[in-house]
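Novice: As input, take data17.txt (compact mmCIF, C-alpha atoms):
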```txt
# COMPACT_ATOMS: atom_id res chain seq x y z
CA MET Z 1 -21.61 37.36 2.23
CA SER Z 2 -20.92 41.03 2.98
CA LEU Z 3 -18.75 43.56 1.15
CA HIS Z 4 -15.51 42.56 2.89
CA SER Z 5 -16.18 39.11 4.23
CA GLY Z 6 -17.58 35.72 3.35
CA ILE Z 7 -17.23 33.57 0.26
CA PRO Z 8 -19.33 34.42 -2.83
CA ASP Z 9 -22.02 31.89 -3.76
CA ALA Z 10 -20.49 31.49 -7.24
CA ILE Z 11 -17.42 29.75 -5.81
CA ALA Z 12 -18.73 28.45 -2.46
CA ALA Z 13 -19.10 24.86 -3.72
CA ASP Z 14 -15.60 24.84 -5.26
CA VAL Z 15 -14.07 26.29 -2.07
CA ARG Z 16 -15.74 23.50 -0.08
CA HIS Z 17 -14.35 21.01 -2.63
CA GLY Z 18 -10.89 22.54 -2.08
CA GLU Z 19 -11.30 22.13 1.69
CA ARG Z 20 -12.30 18.47 1.30
CA LEU Z 21 -9.24 17.88 -0.91
CA GLU Z 22 -7.00 19.44 1.75
CA TRP Z 23 -8.47 17.25 4.50
CA TRP Z 24 -7.80 14.22 2.27
CA THR Z 25 -4.27 15.55 1.75
CA LEU Z 26 -3.66 15.75 5.50
CA LEU Z 27 -5.00 12.22 5.93
CA TRP Z 28 -3.09 10.59 3.06
CA ILE Z 29 0.20 12.44 3.50
CA GLY Z 30 -0.06 11.81 7.27
CA SER Z 31 -0.34 8.07 6.54
CA VAL Z 32 2.63 8.35 4.14
CA VAL Z 33 4.73 9.97 6.90
CA VAL Z 34 3.88 7.09 9.28
CA VAL Z 35 4.70 4.38 6.70
CA MET Z 36 7.97 6.06 5.71
CA ALA Z 37 8.99 6.56 9.35
CA LEU Z 38 8.45 2.83 9.98
CA VAL Z 39 10.89 1.74 7.25
CA MET Z 40 13.38 4.60 7.17
CA GLY Z 41 15.99 2.79 9.28
CA ALA Z 42 19.26 4.72 9.32
CA SER Z 43 18.87 5.96 5.73
CA GLN Z 44 19.49 9.68 5.45
CA ALA Z 45 17.65 9.72 2.11
CA MET Z 46 14.51 8.32 3.73
CA LYS Z 47 14.83 10.70 6.69
CA SER Z 48 14.97 13.60 4.22
CA ALA Z 49 11.90 12.22 2.42
CA VAL Z 50 9.97 12.06 5.73
CA ILE Z 51 10.97 15.63 6.67
CA GLU Z 52 9.99 16.78 3.18
CA ASP Z 53 6.59 15.09 3.55
CA VAL Z 54 6.00 16.74 6.95
CA LEU Z 55 6.88 20.17 5.50
CA SER Z 56 4.59 19.49 2.55
CA LEU Z 57 1.59 19.49 4.93
CA ILE Z 58 2.04 23.24 5.55
CA PRO Z 59 0.24 24.56 2.42
CA ALA Z 60 -2.77 22.31 3.12
CA ILE Z 61 -2.94 23.51 6.73
CA VAL Z 62 -2.62 27.21 5.84
CA PHE Z 63 -5.26 26.84 3.09
CA LEU Z 64 -7.75 25.45 5.61
CA LEU Z 65 -6.91 28.21 8.10
CA SER Z 66 -7.18 30.98 5.50
CA VAL Z 67 -10.60 29.77 4.27
CA HIS Z 68 -11.78 29.60 7.87
CA TRP Z 69 -10.69 33.24 8.38
CA GLU Z 70 -12.10 34.31 5.02
CA ARG Z 71 -15.57 33.29 6.22
CA LYS Z 72 -15.30 35.42 9.36
CA ARG Z 73 -17.29 38.62 9.30
CA ALA Z 74 -15.65 42.05 9.25
CA ASN Z 75 -15.73 43.77 12.65
CA ASN Z 76 -14.60 46.96 14.36
CA ARG Z 77 -11.07 45.68 14.79
CA PHE Z 78 -10.87 44.30 11.24
CA PRO Z 79 -13.27 46.48 9.21
CA PHE Z 80 -11.96 45.10 5.90
CA GLY Z 81 -12.53 41.52 7.00
CA TYR Z 82 -9.99 38.72 6.89
CA ARG Z 83 -9.71 38.10 3.17
CA ARG Z 84 -6.05 39.00 3.14
CA ALA Z 85 -5.45 35.89 5.27
CA ASN Z 86 -5.31 34.12 1.90
CA SER Z 87 -2.42 36.37 0.79
CA LEU Z 88 -0.58 35.67 4.03
CA ALA Z 89 -1.24 31.93 3.64
CA PHE Z 90 0.16 32.14 0.11
CA LEU Z 91 3.39 33.65 1.47
CA VAL Z 92 3.64 30.88 4.10
CA ALA Z 93 2.95 28.14 1.51
CA ALA Z 94 5.53 29.55 -0.92
CA THR Z 95 8.08 29.79 1.91
CA ALA Z 96 7.37 26.16 2.88
CA LEU Z 97 7.95 25.09 -0.74
CA LEU Z 98 11.24 27.02 -0.77
CA ALA Z 99 12.22 25.41 2.56
CA VAL Z 100 11.62 21.93 1.07
CA GLY Z 101 13.75 22.75 -1.98
CA GLY Z 102 16.49 24.36 0.13
CA PHE Z 103 16.54 21.44 2.57
CA LEU Z 104 16.87 18.91 -0.27
CA VAL Z 105 19.70 20.90 -1.90
CA TYR Z 106 21.57 21.09 1.44
CA GLU Z 107 21.15 17.35 2.11
CA SER Z 108 22.15 16.34 -1.42
CA VAL Z 109 25.17 18.64 -1.68
CA THR Z 110 26.57 17.66 1.74
CA THR Z 111 26.14 13.96 0.87
CA LEU Z 112 27.97 14.43 -2.43
CA VAL Z 113 30.73 16.62 -0.97
CA ARG Z 114 31.36 14.29 2.00
CA GLN Z 115 31.02 11.27 -0.31
CA GLU Z 116 28.82 9.57 2.27
CA HIS Z 117 28.10 5.96 1.35
CA PRO Z 118 24.49 5.29 2.40
CA THR Z 119 23.93 2.07 4.28
CA VAL Z 120 20.76 0.08 3.75
CA GLY Z 121 21.00 -3.23 5.55
CA GLY Z 122 18.62 -6.05 6.33
CA ILE Z 123 15.41 -6.22 8.33
CA THR Z 124 14.04 -9.40 9.85
CA LEU Z 125 10.32 -9.96 9.34
CA PHE Z 126 8.52 -13.20 10.21
CA GLY Z 127 11.85 -15.00 10.52
CA HIS Z 128 13.22 -13.86 7.15
CA THR Z 129 15.89 -11.20 6.75
CA LEU Z 130 15.39 -9.20 3.58
CA TRP Z 131 16.98 -6.07 2.17
CA LEU Z 132 15.38 -3.00 3.78
CA GLY Z 133 15.68 -1.25 0.40
CA TRP Z 134 12.73 -3.29 -0.93
CA LEU Z 135 10.49 -2.09 1.91
CA MET Z 136 11.71 1.47 1.36
CA ILE Z 137 10.86 1.27 -2.35
CA ALA Z 138 7.38 -0.11 -1.50
CA ALA Z 139 6.82 2.74 0.98
CA LEU Z 140 8.05 5.29 -1.55
CA VAL Z 141 5.74 3.93 -4.27
CA TYR Z 142 2.88 4.30 -1.77
CA SER Z 143 4.06 7.86 -1.05
CA ILE Z 144 3.94 8.76 -4.76
CA ILE Z 145 0.32 7.81 -5.45
CA PRO Z 146 -1.71 10.18 -3.18
CA PRO Z 147 0.12 13.41 -4.17
CA LEU Z 148 0.05 12.44 -7.84
CA ILE Z 149 -3.75 12.07 -7.76
CA LEU Z 150 -4.54 14.90 -5.31
CA GLY Z 151 -2.24 17.39 -7.06
CA ARG Z 152 -3.97 16.77 -10.40
CA ILE Z 153 -7.45 17.19 -8.88
CA LYS Z 154 -6.47 20.40 -7.06
CA GLN Z 155 -5.18 22.30 -10.09
CA PRO Z 156 -8.54 22.94 -11.86
CA VAL Z 157 -10.23 23.74 -8.52
CA ALA Z 158 -7.48 26.27 -7.68
CA LYS Z 159 -8.01 27.85 -11.10
CA ARG Z 160 -11.79 28.13 -10.68
CA ILE Z 161 -11.56 29.78 -7.25
CA ASN Z 162 -8.38 31.68 -8.16
CA ASP Z 163 -6.62 30.36 -5.08
CA LYS Z 164 -2.85 30.68 -5.14
CA VAL Z 165 -2.48 28.75 -1.86
CA LEU Z 166 -4.27 25.74 -3.34
CA HIS Z 167 -2.22 26.14 -6.53
CA THR Z 168 1.02 26.23 -4.48
CA ASP Z 169 -0.18 23.14 -2.64
CA ALA Z 170 -0.64 21.41 -6.02
CA LEU Z 171 2.99 22.39 -6.76
CA MET Z 172 3.97 20.93 -3.40
CA GLN Z 173 2.22 17.67 -4.34
CA LYS Z 174 4.20 17.69 -7.58
CA ALA Z 175 7.36 18.15 -5.50
CA ASP Z 176 6.22 15.24 -3.29
CA TRP Z 177 5.71 12.68 -6.03
CA GLN Z 178 8.79 13.79 -7.93
CA THR Z 179 11.03 13.48 -4.85
CA GLY Z 180 9.38 10.10 -4.14
CA LEU Z 181 10.26 8.94 -7.66
CA ALA Z 182 13.79 10.33 -7.27
CA ALA Z 183 14.13 8.48 -3.97
CA VAL Z 184 13.04 5.19 -5.64
CA ALA Z 185 15.76 5.76 -8.24
CA GLY Z 186 18.14 6.69 -5.41
CA ILE Z 187 17.46 3.56 -3.31
CA THR Z 188 17.77 1.42 -6.47
CA GLY Z 189 21.07 3.21 -7.13
CA ILE Z 190 22.25 2.43 -3.59
CA GLY Z 191 21.32 -1.21 -4.26
CA LEU Z 192 23.45 -1.14 -7.39
CA GLY Z 193 26.38 0.26 -5.41
CA TRP Z 194 26.05 3.80 -6.79
CA TRP Z 195 26.37 5.78 -3.57
CA TRP Z 196 25.95 9.10 -5.43
CA ALA Z 197 22.67 8.17 -7.17
CA ASP Z 198 20.30 9.10 -4.36
CA ALA Z 199 21.80 12.54 -3.71
CA SER Z 200 22.15 13.36 -7.42
CA ALA Z 201 18.51 12.49 -8.14
CA ALA Z 202 17.34 14.54 -5.15
CA LEU Z 203 19.49 17.52 -6.19
CA PHE Z 204 18.02 17.49 -9.70
CA ILE Z 205 14.45 17.52 -8.34
CA ALA Z 206 15.32 20.12 -5.65
CA LEU Z 207 16.41 22.65 -8.27
CA SER Z 208 13.03 22.35 -10.01
CA ILE Z 209 11.24 22.77 -6.64
CA ILE Z 210 13.27 25.92 -5.88
CA LYS Z 211 12.38 27.37 -9.29
CA ASP Z 212 8.64 26.86 -8.57
CA ALA Z 213 9.05 28.22 -5.02
CA VAL Z 214 10.87 31.39 -6.07
CA GLY Z 215 8.13 32.06 -8.67
CA ALA Z 216 5.42 31.60 -6.02
CA LEU Z 217 7.32 33.76 -3.52
CA ARG Z 218 7.61 36.63 -6.03
CA GLN Z 219 3.84 36.44 -6.62
CA ALA Z 220 3.13 36.35 -2.87
CA VAL Z 221 5.30 39.41 -2.22
CA ALA Z 222 3.69 41.26 -5.15
CA GLU Z 223 0.25 40.51 -3.68
CA LEU Z 224 1.20 41.73 -0.20
CA LEU Z 225 2.70 44.92 -1.70
CA ASP Z 226 -0.61 45.67 -3.49
CA GLY Z 227 0.84 44.86 -6.91
CA THR Z 228 -1.46 44.45 -9.90
CA PRO Z 229 -3.11 40.97 -9.67
CA ARG Z 230 -0.80 38.22 -10.90
CA ALA Z 231 -1.66 35.06 -12.82
CA LEU Z 232 -2.14 31.87 -10.84
CA ASP Z 233 0.92 30.12 -12.22
CA SER Z 234 3.32 32.96 -13.10
CA ASN Z 235 4.36 36.46 -12.16
CA ALA Z 236 2.65 37.86 -15.27
CA ILE Z 237 -0.37 40.18 -14.83
CA ALA Z 238 -3.57 38.10 -14.54
CA GLU Z 239 -5.61 37.98 -17.76
CA ASP Z 240 -8.84 39.07 -16.08
CA ALA Z 241 -7.02 42.06 -14.52
CA GLU Z 242 -5.72 43.12 -17.95
CA ARG Z 243 -9.23 42.77 -19.40
CA LEU Z 244 -10.69 44.84 -16.55
CA ILE Z 245 -8.19 47.66 -17.13
CA ALA Z 246 -9.08 47.59 -20.84
CA VAL Z 247 -12.82 47.76 -20.02
CA PHE Z 248 -12.32 50.80 -17.75
CA LYS Z 249 -10.24 52.58 -20.36
CA ALA Z 250 -12.82 51.83 -23.06
CA ARG Z 251 -15.60 53.28 -20.89
CA PHE Z 252 -13.86 56.22 -19.23
CA GLY Z 253 -11.06 57.11 -21.63
CA GLU Z 254 -7.33 57.22 -20.81
CA VAL Z 255 -7.78 57.35 -17.04
CA ASP Z 256 -5.42 55.89 -14.47
CA VAL Z 257 -6.64 52.51 -13.24
CA ARG Z 258 -5.10 50.77 -10.22
CA LEU Z 259 -5.91 47.17 -9.35
CA ARG Z 260 -4.75 45.21 -6.36
CA GLU Z 261 -5.54 41.78 -5.03
CA THR Z 262 -6.71 40.85 -1.54
CA GLY Z 263 -6.58 37.10 -1.43
CA ARG Z 264 -8.62 35.97 -4.41
CA TYR Z 265 -10.48 39.29 -4.81
CA ILE Z 266 -9.68 42.36 -6.89
CA ALA Z 267 -10.09 45.93 -5.69
CA ALA Z 268 -10.11 48.64 -8.37
CA GLU Z 269 -9.50 52.39 -8.23
CA VAL Z 270 -10.32 54.53 -11.27
CA ASP Z 271 -9.14 58.15 -11.42
CA CYS Z 272 -12.28 59.85 -12.73
CA ALA Z 273 -15.58 61.24 -11.48
CA PRO Z 274 -18.15 58.56 -10.65
CA PRO Z 275 -20.32 57.94 -13.74
CA ALA Z 276 -24.07 58.55 -13.60
CA VAL Z 277 -24.67 54.84 -14.04
CA ILE Z 278 -22.18 52.54 -12.34
CA PRO Z 279 -21.52 49.53 -14.58
CA SER Z 280 -22.47 46.17 -13.08
CA VAL Z 281 -19.73 43.70 -12.08
CA THR Z 282 -20.93 41.32 -14.80
CA GLU Z 283 -20.41 44.04 -17.39
CA LEU Z 284 -16.92 44.63 -16.03
CA MET Z 285 -15.76 41.10 -15.25
CA GLY Z 286 -17.97 38.77 -17.30
CA ASP Z 287 -18.20 35.26 -15.84
CA ASN Z 288 -15.76 36.05 -13.02
CA ALA Z 289 -17.97 38.76 -11.51
CA TRP Z 290 -17.26 37.51 -7.96
CA ARG Z 291 -13.57 38.48 -8.37
CA LEU Z 292 -14.27 42.22 -8.25
CA ALA Z 293 -14.87 42.98 -4.58
CA SER Z 294 -14.65 46.75 -4.60
CA LEU Z 295 -14.61 49.64 -7.07
CA SER Z 296 -13.74 53.27 -6.22
CA PHE Z 297 -13.81 56.34 -8.39
CA ARG Z 298 -11.38 59.04 -7.30
CA LEU Z 299 -11.44 62.69 -8.25
CA GLN Z 300 -8.02 64.21 -8.86
CA MET D 1 8.17 7.83 -24.38
CA ARG D 2 7.47 8.21 -20.66
CA TYR D 3 5.77 4.78 -20.54
CA ARG D 4 8.67 3.22 -22.44
CA PHE D 5 11.09 4.67 -19.86
CA ALA D 6 8.93 3.42 -16.97
CA LEU D 7 8.73 -0.08 -18.52
CA SER D 8 12.50 -0.18 -19.11
CA PHE D 9 13.09 0.95 -15.52
CA ALA D 10 10.69 -1.71 -14.17
CA ALA D 11 12.36 -4.39 -16.33
CA LEU D 12 15.79 -3.31 -15.06
CA LEU D 13 14.52 -3.42 -11.49
CA LEU D 14 13.05 -6.92 -11.90
CA ALA D 15 16.21 -8.20 -13.54
CA ALA D 16 18.28 -6.74 -10.72
CA CYS D 17 16.09 -8.18 -7.94
CA ASP D 18 18.36 -11.13 -7.27
CA SER D 19 21.60 -9.22 -7.45
CA LEU D 20 20.59 -6.30 -5.20
CA PRO D 21 22.09 -4.93 -3.12
CA ARG D 22 25.71 -4.53 -4.22
CA ASP D 23 28.65 -2.98 -2.39
CA ALA D 24 29.52 0.63 -3.14
CA ALA D 25 33.25 -0.14 -2.88
CA GLY D 26 33.09 -3.77 -4.06
CA THR D 27 34.14 -5.48 -0.79
CA THR D 28 32.33 -8.76 -1.56
CA GLU D 29 33.95 -9.03 -5.00
CA ARG D 30 37.35 -8.28 -3.46
CA ILE D 31 36.86 -10.99 -0.80
CA GLU D 32 35.96 -13.49 -3.54
CA ARG D 33 38.89 -12.41 -5.71
CA THR D 34 41.55 -12.44 -2.98
CA HIS D 35 40.02 -15.33 -1.00
CA ALA D 36 40.58 -13.31 2.18
CA MET D 37 38.32 -11.37 4.52
CA ARG D 38 40.17 -8.94 6.77
CA VAL D 39 38.74 -8.85 10.28
CA THR D 40 39.83 -7.01 13.42
CA VAL D 41 38.73 -8.04 16.90
CA LEU D 42 38.77 -4.98 19.14
CA PRO D 43 40.73 -5.32 22.40
CA GLY D 44 38.53 -6.14 25.38
CA THR D 45 36.26 -8.52 23.46
CA PRO D 46 36.79 -11.87 25.24
CA ASP D 47 33.46 -13.21 23.92
CA ALA D 48 34.27 -12.57 20.22
CA GLN D 49 34.01 -16.24 19.23
CA PRO D 50 30.32 -16.31 18.08
CA ALA D 51 30.90 -13.25 15.88
CA LEU D 52 34.12 -14.74 14.50
CA ALA D 53 32.19 -17.91 13.67
CA LEU D 54 29.58 -15.85 11.76
CA VAL D 55 32.08 -13.88 9.69
CA GLY D 56 34.01 -17.14 9.18
CA ALA D 57 30.85 -18.72 7.75
CA TYR D 58 30.38 -15.69 5.49
CA ALA D 59 34.00 -15.96 4.29
CA ARG D 60 33.60 -19.70 3.58
CA ASP D 61 30.40 -19.03 1.61
CA HIS D 62 32.49 -16.75 -0.61
CA GLY D 63 35.48 -19.10 -0.97
CA ALA D 64 37.62 -17.09 1.42
CA HIS D 65 39.25 -17.41 4.84
CA LEU D 66 39.55 -14.93 7.70
CA ARG D 67 42.67 -12.83 7.95
CA LEU D 68 42.83 -11.42 11.49
CA MET D 69 44.41 -7.99 11.61
CA ALA D 70 45.67 -6.45 14.84
CA ILE D 71 44.70 -2.79 14.87
CA HIS D 72 44.22 -0.89 18.10
CA GLY D 73 41.64 1.53 19.44
CA GLU D 74 40.45 4.43 17.31
CA HIS D 75 42.66 3.32 14.40
CA ALA D 76 40.44 0.30 13.91
CA HIS D 77 37.36 2.42 13.20
CA LYS D 78 39.33 4.61 10.82
CA ALA D 79 40.74 1.52 9.11
CA LEU D 80 37.18 0.23 8.63
CA GLU D 81 35.99 3.57 7.24
CA ASP D 82 38.96 3.64 4.87
CA GLY D 83 38.33 0.07 3.69
CA GLU D 84 41.56 -1.31 5.18
CA VAL D 85 39.56 -3.95 7.08
CA ASP D 86 36.24 -5.53 6.09
CA ALA D 87 34.69 -6.02 9.54
CA LEU D 88 35.31 -5.12 13.17
CA ILE D 89 34.18 -7.32 16.02
CA GLY D 90 33.70 -5.64 19.37
CA HIS D 91 31.30 -4.31 21.96
CA PHE D 92 29.15 -1.45 20.70
CA ALA D 93 26.07 0.23 22.17
CA LYS D 94 23.00 0.70 19.94
CA ALA D 95 23.44 4.46 20.48
CA SER D 96 27.18 4.27 19.78
CA PRO D 97 28.86 7.55 18.79
CA TRP D 98 30.26 5.57 15.81
CA GLN D 99 26.76 4.67 14.62
CA ALA D 100 26.71 7.18 11.73
CA ASP D 101 30.20 6.31 10.52
CA ILE D 102 30.01 2.51 10.48
CA ALA D 103 27.20 -0.02 9.98
CA LEU D 104 26.54 -1.92 13.21
CA SER D 105 24.83 -5.31 13.18
CA LYS D 106 22.22 -6.40 15.68
CA PRO D 107 23.72 -8.03 18.82
CA VAL D 108 25.36 -11.38 18.12
CA ALA D 109 24.05 -14.40 20.01
CA ARG D 110 21.73 -12.36 22.24
CA GLY D 111 18.77 -9.98 22.04
CA GLU D 112 18.88 -6.21 21.89
CA PRO D 113 19.39 -4.84 25.44
CA ASP D 114 16.77 -2.41 26.77
CA ASP D 115 19.49 0.13 27.54
CA LYS D 116 20.63 1.72 24.25
CA GLU D 117 23.88 2.78 25.95
CA HIS D 118 24.82 -0.78 26.99
CA PRO D 119 27.62 -2.15 24.75
CA VAL D 120 27.16 -5.70 23.47
CA LEU D 121 28.91 -7.91 20.92
CA ARG D 122 28.27 -6.69 17.37
CA ILE D 123 29.88 -6.80 13.95
CA ALA D 124 30.72 -3.41 12.43
CA ARG D 125 30.88 -3.09 8.64
CA ARG D 126 31.97 -0.29 6.32
CA ASN D 127 29.12 2.06 5.36
CA GLY D 128 27.73 1.50 1.86
CA GLU D 129 28.90 -2.13 1.56
CA ASN D 130 25.28 -3.19 1.44
CA ALA D 131 25.74 -6.71 0.03
CA LEU D 132 28.17 -7.60 2.84
CA ILE D 133 25.94 -5.82 5.39
CA LEU D 134 22.78 -7.70 4.29
CA ALA D 135 24.57 -11.07 4.16
CA THR D 136 26.04 -10.66 7.66
CA ASP D 137 22.70 -9.31 8.97
CA GLN D 138 21.08 -12.52 7.67
CA LEU D 139 23.72 -14.65 9.41
CA VAL D 140 23.27 -12.73 12.69
CA ALA D 141 19.47 -13.22 12.46
CA GLU D 142 19.89 -16.97 11.76
CA GLY D 143 22.24 -17.38 14.74
CA PRO D 144 25.30 -19.62 15.04
CA ARG D 145 25.53 -22.44 12.45
```
Take the structure in the file and write it out as structure tokens.

Specialist:
Amino acid sequence: MSLHSGIPDAIAADVRHGERLEWWTLLWIGSVVVVMALVMGASQAMKSAVIEDVLSLIPAIVFLLSVHWERKRANNRFPFGYRRANSLAFLVAATALLAVGGFLVYESVTTLVRQEHPTVGGITLFGHTLWLGWLMIAALVYSIIPPLILGRIKQPVAKRINDKVLHTDALMQKADWQTGLAAVAGITGIGLGWWWADASAALFIALSIIKDAVGALRQAVAELLDGTPRALDSNAIAEDAERLIAVFKARFGEVDVRLRETGRYIAAEVDCAPPAVIPSVTELMGDNAWRLASLSFRLQ
Amino acid sequence: MRYRFALSFAALLLAACDSLPRDAAGTTERIERTHAMRVTVLPGTPDAQPALALVGAYARDHGAHLRLMAIHGEHAHKALEDGEVDALIGHFAKASPWQADIALSKPVARGEPDDKEHPVLRIARRNGENALILATDQLVAEGPR
């Protein structure tokens, strides 16, 4: 690892774990897309679920790409390395989450306004014609399990490596299993003759997805605009950033301290003359020493 | 609380297994109540007999008889969408422009043609009437009785 590139040893194993989880995500969600496509028939609700699943692969893909770029060494053309690829990936992942929520709202509202009565007919398998809704429910139950498990595993890893892309992907997995559950309720509703059930359930879930996406988007924009580092799961200032500011002020008095985040790393600027002894990163950051990537003292 | 909800939902689902699906607009119940199934044969369908036999069998299974209604051209599709008739019999392609507005059965008394644009004898049902759609799909799959 150099000053502006590479992944610190302290989190290298967790980052690799995150990568493995994302490869599993691509594999499992890819299989879900295939299964759903096989049974979707003419159901608009199932088509929406398949499109939502395809979109949900975006955060996993951009996480893998951003980690690949993060490992690349700084060079003459990119002297600060490629660590900000993570910030860009975060923006893409948050936008994908918003697109999923927006798409679901559009589909649900148009279905409700047009009062479309979804048709789920029969399918003939091995000489027996059964209601396609049963196969759809089976496929949807299958689609719920991988994101439910993977999303739960990703959250603590995202926290340890302070990766907002991985965290947004865990939110996407939450969106996946919740929309899957809503679609099960929706198909059951269609079976009971409640044409509005599917769209209403999807609309309810879509609003929660949009709330998560807007929160993530605000964080992503703040990061790209060199805002003070934000928490992983909200737009509040990150706890370790607040602690770092407090440490600088305790050591150097009421000086101006500016922190910004490049991907998962913090860069700090302190408006005072460089001290005779520069404090170590462990003194400044404690256990999360790897988070502080650069420290500058600036004379007024 | 969450587990109790999941168990109640599963119990509801199991109990409903036999009675699913139902019609969104209650066509099956109406056929049973009025003892009549309203059917329109589109003009230019000289080979409608096998499809008429299938819907006739469906009507008999529900204690009803067929009431043939003469409606022409585009009006027939609109009448089906509006629930004024219960089924249309005619020649439709798999990639029919009506496909999204009405529920088309598989071809009656023959296999699916390779050409999706080739119209063949089918039964069209009103969207959302899933009990009627499944029952007629089963009859089409079984073939003529």

Novice: Give the residues of chain D that lie within 8 Å of chain Z; count all atoms listed in the file, and format the answer as a list in words.

Specialist: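 The complete set of qualifying residues is Leu13, Leu20, Pro21, Arg22, Asp23, Ala24, Ala25, Gly26, Ala103, Asn127, Gly128, Glu129, Asn130, Ile133, Leu134, Asp137, Gln138 and Ala141 of chain D.
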
Novice: Considering only C-alpha atoms, state which residue in the set D:Ala36, D:Ile102, D:Ala109, D:Ile123 is at the smallest distance from Leu88 (chain D).

Specialist: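 Result for the nearest residue to Leu88 (chain D): D:Ile123.
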
Novice: Which residues are near region 50-54 of chain D? Cut-off 8 Å, only C-alpha atoms, ignore same chain within fewer than 5 positions. Put them as a short mmCIF file (atom, residue, chain, number, x, y, z; two decimals) with C-alpha atoms, in the frame of the given file.

Specialist:
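Wrote result14.cif, looks like this:
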```
data_model
loop_
_atom_site.label_atom_id
_atom_site.label_comp_id
_atom_site.auth_asym_id
_atom_site.auth_seq_id
_atom_site.Cartn_x
_atom_site.Cartn_y
_atom_site.Cartn_z
CA ILE D 89 34.18 -7.32 16.02
CA VAL D 108 25.36 -11.38 18.12
CA ALA D 109 24.05 -14.40 20.01
CA LEU D 121 28.91 -7.91 20.92
CA ARG D 122 28.27 -6.69 17.37
CA ILE D 123 29.88 -6.80 13.95
CA THR D 136 26.04 -10.66 7.66
CA LEU D 139 23.72 -14.65 9.41
CA VAL D 140 23.27 -12.73 12.69
CA PRO D 144 25.30 -19.62 15.04
CA ARG D 145 25.53 -22.44 12.45
#
```

Novice: Quote the spacing between CA of Trp290 (chain Z) and CA of Asp240 (chain Z) in Å to one decimal place.

Specialist: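 Computed distance, CA of Trp290 (chain Z) to CA of Asp240 (chain Z), equals 11.8 Å.
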
Novice: Any idea what the distance is between CA of Thr95 (chain Z) and CA of Ala213 (chain Z)?

Specialist: 7.2 Å

Novice: Could you check the closest approach to Lys106 (chain D) for each of D:Glu74, D:Gly143, D:Ala59, D:Ala64 and tell me which residue wins, using all atoms listed in the file?

Specialist: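 Closest candidate: D:Gly143.
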
Novice: When you count all atoms listed in the file, which of these residues is closest to Ala124 (chain D): D:Glu32, D:Glu142, D:Asp86, D:Asp61?

Specialist: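 The shortest atom-to-atom distance to Ala124 (chain D) comes from D:Asp86.
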
Novice: Near region 100-115 of chain Z, counting all atoms listed in the file, which residues have an atom at most 6 Å away, once you skip same-chain residues fewer than 6 positions from it, shown as a PyMOL selection string?

Specialist: chain Z and resi 52+199+203+206+209-210

Novice: What's the 8 Å shell around Ser66 (chain Z), counting all atoms listed in the file, without same-chain residues fewer than 6 positions away, as a PDB file with C-alpha atoms, keeping the file's coordinate frame?

Specialist:
```pdb
ATOM      1  CA  ARG Z  83      -9.710  38.100   3.170  1.00  0.00           C
ATOM      2  CA  ALA Z  85      -5.450  35.890   5.270  1.00  0.00           C
ATOM      3  CA  ASN Z  86      -5.310  34.120   1.900  1.00  0.00           C
ATOM      4  CA  ALA Z  89      -1.240  31.930   3.640  1.00  0.00           C
TER       5      ALA Z  89
END
```

Novice: Would you mind telling me which residue in Z:Arg152, Z:Arg260, Z:Lys249, Z:Arg298 lies nearest to Cys272 (chain Z) when using all atoms listed in the file?

Specialist: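 Of the candidates, the smallest distance to Cys272 (chain Z) is held by Z:Arg298.
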
Novice: Can you tell me, as a list in words, what residues are no more than 8 Å from region 222-226 of chain Z when counting all atoms listed in the file, ignoring any on the same chain fewer than 6 positions away?

Specialist: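 Result of the neighbour search: Ser87, Leu88, Arg260, Glu261, Thr262 and Gly263 of chain Z.
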
Novice: Identify which of the residues Z:Asp271, Z:Asp233, Z:Asp169, Z:Asp212 lies closest to Phe252 (chain Z), counting all atoms listed in the file when measuring atom-to-atom distances.

Specialist: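 Among Z:Asp271, Z:Asp233, Z:Asp169, Z:Asp212, it is Z:Asp271 that comes nearest to Phe252 (chain Z).
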
Novice: What does the distance from CA of Ala138 (chain Z) to CA of Leu181 (chain Z) come to in Å, to one decimal?

Specialist: 11.3 Å

Novice: Name all residues at most 8 Å from Trp177 (chain Z) (count all atoms listed in the file; drop same-chain ones fewer than 6 positions away) and give them as a list in words.

Specialist: Ser143, Ile144, Ile145, Pro147 and Leu148 of chain Z
